[in-house]
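Since the structure comes first, as structure tokens, the remarks are kept for the end.
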Amino acid sequence: MEKHTILIVDDESAQRLILSGHLKQKGFNVLEAASGNDALSIVNEKLIDIIITDFKMPDITGLDLLKKVKATNPEITVVIVTAFGTIETAVKAMKEGAYDYLTKPIDLDELDLVIKKILERQQLLSENRMLKEQLVDKYNLSGFVADSKKMESVLNFAVRAADSKASILIRGESGTGKEVLAKAIHFMSPRSDKPFIAVSCAALNENLLESELFGHEKGAFTGADKQRRGRFELADEGTLFLDEIGDLPISTQIKLLRVLQEEQFERVGGSYTLSVDVRIIAATNRNIEQLISEGKFREDLFYRINVVTIEIPLLKDRKEDILPLIDFFIGKFIKDTSKKKAEFSKEALDVLIRYDYPGNIRELENIIHHSIVLSRNEIISTDDLPLGIKNLKSEERFRKQTNAMTLPEQVETFEKKMIIEALHESNNNQSKAAKRLGISEGNLRYKLEKLGLKKK
């Protein structure tokens, strides 16, 4: 069984010695830090499960350390220790995410009990994630996984909105899960046994989009060799999801507004009026208010689709969701392999938790798929991660080094780094490396000599 790692943070060496010796006897890996800043350095380099930190320290307080640790890795459990024992300190610590609060001198039996509860809680959270995934599958909410307070708030808001027929606008960056949330709202609504129909407003040109939404009659345009029902008809009594509605052409916006107001429309090329009962959920990653000011989006349509607004936060702002999402995607992709199971090493998980995910959940999903496909073993290591992810720590060290340099020094350092990488990837073939870098072979030889890389 893998040992848990506990970090003791206290400027008093005697206190660290007592706690460290006791916890080592209990079978834990124990690390020590004499200050809050030393602790942050250790957290950035090591895999930590629990931090036991003094409240009053010379550089930063235990409360400040708690905030910074939670911002970096919310999976680390923090216990605050203080000699003052004030209720105010305890309340502040608990509000910022501390698991518990101990007073000096520490009762070692009490400490053991707190750690036992922490480990039991971590085990329970892991089991709850598995149970939640089973419930997700049961109710067809595939892909909707959320443990963070931010996403719990989003889900609670969605549950309240689901029971009505009100139009909903879901806002968020690409890859945050807007369509998954739209499906969740549909399946939580009274319309759950009716169709959920999705259409991307950005994927089709104006004529094709109108046909897609409203259908067309035979002969309505070249190639219309038969009558076709549109998405509104298919979604009757159910939910129509309009993705990327900010890209909807103005002429189509006018027709959509009429359907929302009157619940009636005609197929393209038709004269017969059809009535529908459809609940609209729209989504966008664009600033609709700015589009309105530029005359690219109708304000009256905006008010129609924006009865309820739900904002989905970026994945980097809700890191508590990363681990349950990883578990979910492992379960999704392991079925396509011959592996019986797959799990990430602690080092690989540490890299995944620290990464900022500019592509949000969609990028995380691709990373997990990539890693499972390329891994030869059931334990997925950092070597199995995509190149840009597994080099994250070296990139961080590179940024720290260059921040202390002048601009010419930074340019030279970056140039050296690119050349070395190109040569490595080209097996030291200068011609291939030059092509990778987009320069001539002669220019590469000149740079090798100028930067002192010729012998290397």
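Numbering starts fresh at 1 for the residues of each chain in the structure tokens, the chains themselves are lettered A, B, ... in the order given, and ligands are numbered from 1 as they appear.
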Next item on the list: If you run DSSP over the backbone, which residues in segment 121-231 of chain A end up strand (DSSP E)? Put them as a ChimeraX atom specification.
Entry: /A:168-171,196-200
Next item on the list: Write out as a list in words which residues come within 9 Å of Arg362 of chain A when counting only C-alpha atoms, dropping same-chain ones fewer than 2 positions away.
Entry: Ser174, Gly175, Thr176, Gly177, Tyr357, Gly359, Asn360, Leu364, Glu365, Asn366 and Ile367 of chain A
Note to self: What parts of segment 107-270 of chain A does DSSP call alpha helix (DSSP H)? I'd like the answer as an MDAnalysis selection string.
What the structure shows: chainID A and resid 108:138 149:162 178:188 206:214 231:234 250:262
Next item on the list: Compile the contact shell of segment 110-113 of chain A as an NGL selection string: residues with an atom at most 10 Å away, counting only C-alpha atoms, same-chain residues fewer than 2 positions apart removed.
Entry: :A and (19 or 22-23 or 26 or 52 or 79 or 101-102 or 106-108 or 115-118)
Selection export as a short mmCIF file (atom, residue, chain, number, x, y, z; two decimals), in the first residue's frame, atoms kept: N, CA and C atoms:
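result-v5.cif was written with the following content:
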data_model
loop_
_atom_site.label_atom_id
_atom_site.label_comp_id
_atom_site.auth_asym_id
_atom_site.auth_seq_id
_atom_site.Cartn_x
_atom_site.Cartn_y
_atom_site.Cartn_z
N LEU A 19 6.63 16.25 16.02
CA LEU A 19 5.58 15.78 15.10
C LEU A 19 6.14 14.83 14.05
N HIS A 22 6.90 11.36 15.56
CA HIS A 22 5.66 10.65 15.87
C HIS A 22 5.01 10.10 14.60
N LEU A 23 4.93 10.92 13.56
CA LEU A 23 4.24 10.50 12.33
C LEU A 23 5.05 9.45 11.55
N LYS A 26 4.27 6.19 12.83
CA LYS A 26 2.95 5.75 12.39
C LYS A 26 2.96 5.26 10.93
N ILE A 52 0.34 20.01 7.80
CA ILE A 52 0.06 20.46 9.17
C ILE A 52 0.93 21.69 9.38
N VAL A 79 -4.27 21.25 7.78
CA VAL A 79 -4.67 21.39 9.18
C VAL A 79 -3.87 22.55 9.77
N TYR A 101 -8.47 22.23 12.93
CA TYR A 101 -7.79 23.27 13.67
C TYR A 101 -7.33 22.68 15.00
N LEU A 102 -6.01 22.75 15.27
CA LEU A 102 -5.45 22.21 16.51
C LEU A 102 -4.73 23.31 17.29
N ILE A 106 0.30 20.34 20.93
CA ILE A 106 -0.55 19.40 20.21
C ILE A 106 -0.68 18.09 20.97
N ASP A 107 -1.91 17.66 21.15
CA ASP A 107 -2.20 16.35 21.73
C ASP A 107 -2.01 15.33 20.60
N LEU A 108 -1.00 14.45 20.73
CA LEU A 108 -0.68 13.52 19.65
C LEU A 108 -1.82 12.54 19.37
N ILE A 115 -5.92 12.89 11.55
CA ILE A 115 -5.35 12.30 10.34
C ILE A 115 -6.17 11.09 9.89
N LYS A 116 -6.61 10.28 10.86
CA LYS A 116 -7.44 9.13 10.53
C LYS A 116 -8.72 9.58 9.83
N LYS A 117 -9.35 10.65 10.34
CA LYS A 117 -10.57 11.16 9.74
C LYS A 117 -10.32 11.70 8.33
N ILE A 118 -9.16 12.35 8.15
CA ILE A 118 -8.80 12.88 6.83
C ILE A 118 -8.69 11.75 5.81
#
Using 6 Å as the limit and counting only C-alpha atoms, can you tabulate each residue of segment 154-243 of chain A that touches segment 303-326 of chain A, with its shortest atom-to-atom distance in Å and the two atoms involved, as CSV?
residue,atom,partner,partner_atom,distance
A:Ser167,CA,A:Ile305,CA,5.1
A:Ile168,CA,A:Val308,CA,4.7
A:Leu169,CA,A:Thr309,CA,4.8
A:Ile170,CA,A:Ile310,CA,4.8
A:Arg171,CA,A:Glu311,CA,4.8
A:Gly172,CA,A:Ile312,CA,5.1
Next item on the list: Enter the distance from atom CA of Gln264 of chain A to atom CA of Ala182 of chain A, in Å, rounded to one decimal.
Entry: 23.2 Å
Margin query: When you count only C-alpha atoms, which of these residues is closest to Ala282 of chain A: A:Leu352, A:Gly331, A:Ile185, A:Asp193?
Written below: A:Ile185
Margin query: Could you list, as a VMD selection string, every residue within 12 Å of Glu206 of chain A, counting only C-alpha atoms and ignoring same-chain residues fewer than 5 positions away?
Written below: chain A and resid 200 to 201 211 to 213 247 to 253 255
How about saving the chosen residues, N, CA and C atoms kept, as a PDB file, in the first residue's frame?
ATOM      1  N   SER A 200     -25.467  23.049 -34.498  1.00  0.00           N
ATOM      2  CA  SER A 200     -24.417  24.060 -34.384  1.00  0.00           C
ATOM      3  C   SER A 200     -24.689  25.192 -35.358  1.00  0.00           C
ATOM      4  N   CYS A 201     -24.856  26.387 -34.821  1.00  0.00           N
ATOM      5  CA  CYS A 201     -25.156  27.548 -35.672  1.00  0.00           C
ATOM      6  C   CYS A 201     -23.922  28.027 -36.437  1.00  0.00           C
ATOM      7  N   SER A 211     -32.615  25.576 -43.566  1.00  0.00           N
ATOM      8  CA  SER A 211     -33.191  24.269 -43.895  1.00  0.00           C
ATOM      9  C   SER A 211     -33.027  23.302 -42.731  1.00  0.00           C
ATOM     10  N   GLU A 212     -31.878  23.396 -42.060  1.00  0.00           N
ATOM     11  CA  GLU A 212     -31.604  22.516 -40.922  1.00  0.00           C
ATOM     12  C   GLU A 212     -32.579  22.801 -39.783  1.00  0.00           C
ATOM     13  N   LEU A 213     -32.838  24.081 -39.537  1.00  0.00           N
ATOM     14  CA  LEU A 213     -33.712  24.459 -38.425  1.00  0.00           C
ATOM     15  C   LEU A 213     -35.190  24.252 -38.740  1.00  0.00           C
ATOM     16  N   ASP A 247     -23.092  33.032 -33.632  1.00  0.00           N
ATOM     17  CA  ASP A 247     -22.722  32.993 -35.053  1.00  0.00           C
ATOM     18  C   ASP A 247     -23.940  32.921 -35.967  1.00  0.00           C
ATOM     19  N   LEU A 248     -25.138  33.043 -35.414  1.00  0.00           N
ATOM     20  CA  LEU A 248     -26.360  32.956 -36.214  1.00  0.00           C
ATOM     21  C   LEU A 248     -26.510  34.188 -37.107  1.00  0.00           C
ATOM     22  N   PRO A 249     -26.725  34.012 -38.439  1.00  0.00           N
ATOM     23  CA  PRO A 249     -26.910  35.166 -39.345  1.00  0.00           C
ATOM     24  C   PRO A 249     -28.139  35.990 -38.931  1.00  0.00           C
ATOM     25  N   ILE A 250     -28.088  37.285 -39.223  1.00  0.00           N
ATOM     26  CA  ILE A 250     -29.181  38.191 -38.856  1.00  0.00           C
ATOM     27  C   ILE A 250     -30.517  37.740 -39.441  1.00  0.00           C
ATOM     28  N   SER A 251     -30.522  37.311 -40.723  1.00  0.00           N
ATOM     29  CA  SER A 251     -31.790  36.915 -41.359  1.00  0.00           C
ATOM     30  C   SER A 251     -32.393  35.703 -40.647  1.00  0.00           C
ATOM     31  N   THR A 252     -31.555  34.786 -40.217  1.00  0.00           N
ATOM     32  CA  THR A 252     -32.043  33.609 -39.487  1.00  0.00           C
ATOM     33  C   THR A 252     -32.500  33.999 -38.085  1.00  0.00           C
ATOM     34  N   GLN A 253     -31.834  35.007 -37.501  1.00  0.00           N
ATOM     35  CA  GLN A 253     -32.238  35.498 -36.175  1.00  0.00           C
ATOM     36  C   GLN A 253     -33.683  36.001 -36.195  1.00  0.00           C
ATOM     37  N   LYS A 255     -36.144  35.014 -38.180  1.00  0.00           N
ATOM     38  CA  LYS A 255     -37.067  33.876 -38.267  1.00  0.00           C
ATOM     39  C   LYS A 255     -37.124  33.112 -36.941  1.00  0.00           C
TER      40      LYS A 255
END
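As for atom CA of Val91 of chain A and atom CA of Pro105 of chain A, they are spaced 19.8 Å apart.
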Notebook entry, point to check: Between atom CA of Ala203 of chain A and atom CA of Val268 of chain A, what is the distance, to one decimal in Å?
Noted result: 18.8 Å
Item checked: Residue neighbourhood segment 59-75 of chain A, 10 Å, only C-alpha atoms, exclusion window fewer than 3 positions, as a count of residues only -> 47
Note to self: Using only C-alpha atoms for the distances, tell me which of A:Asn427, A:Ile419, A:Thr222, A:Lys150 is nearest to Arg445 of chain A.
What the structure shows: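 Nearest candidate to Arg445 of chain A out of A:Asn427, A:Ile419, A:Thr222, A:Lys150: A:Ile419.
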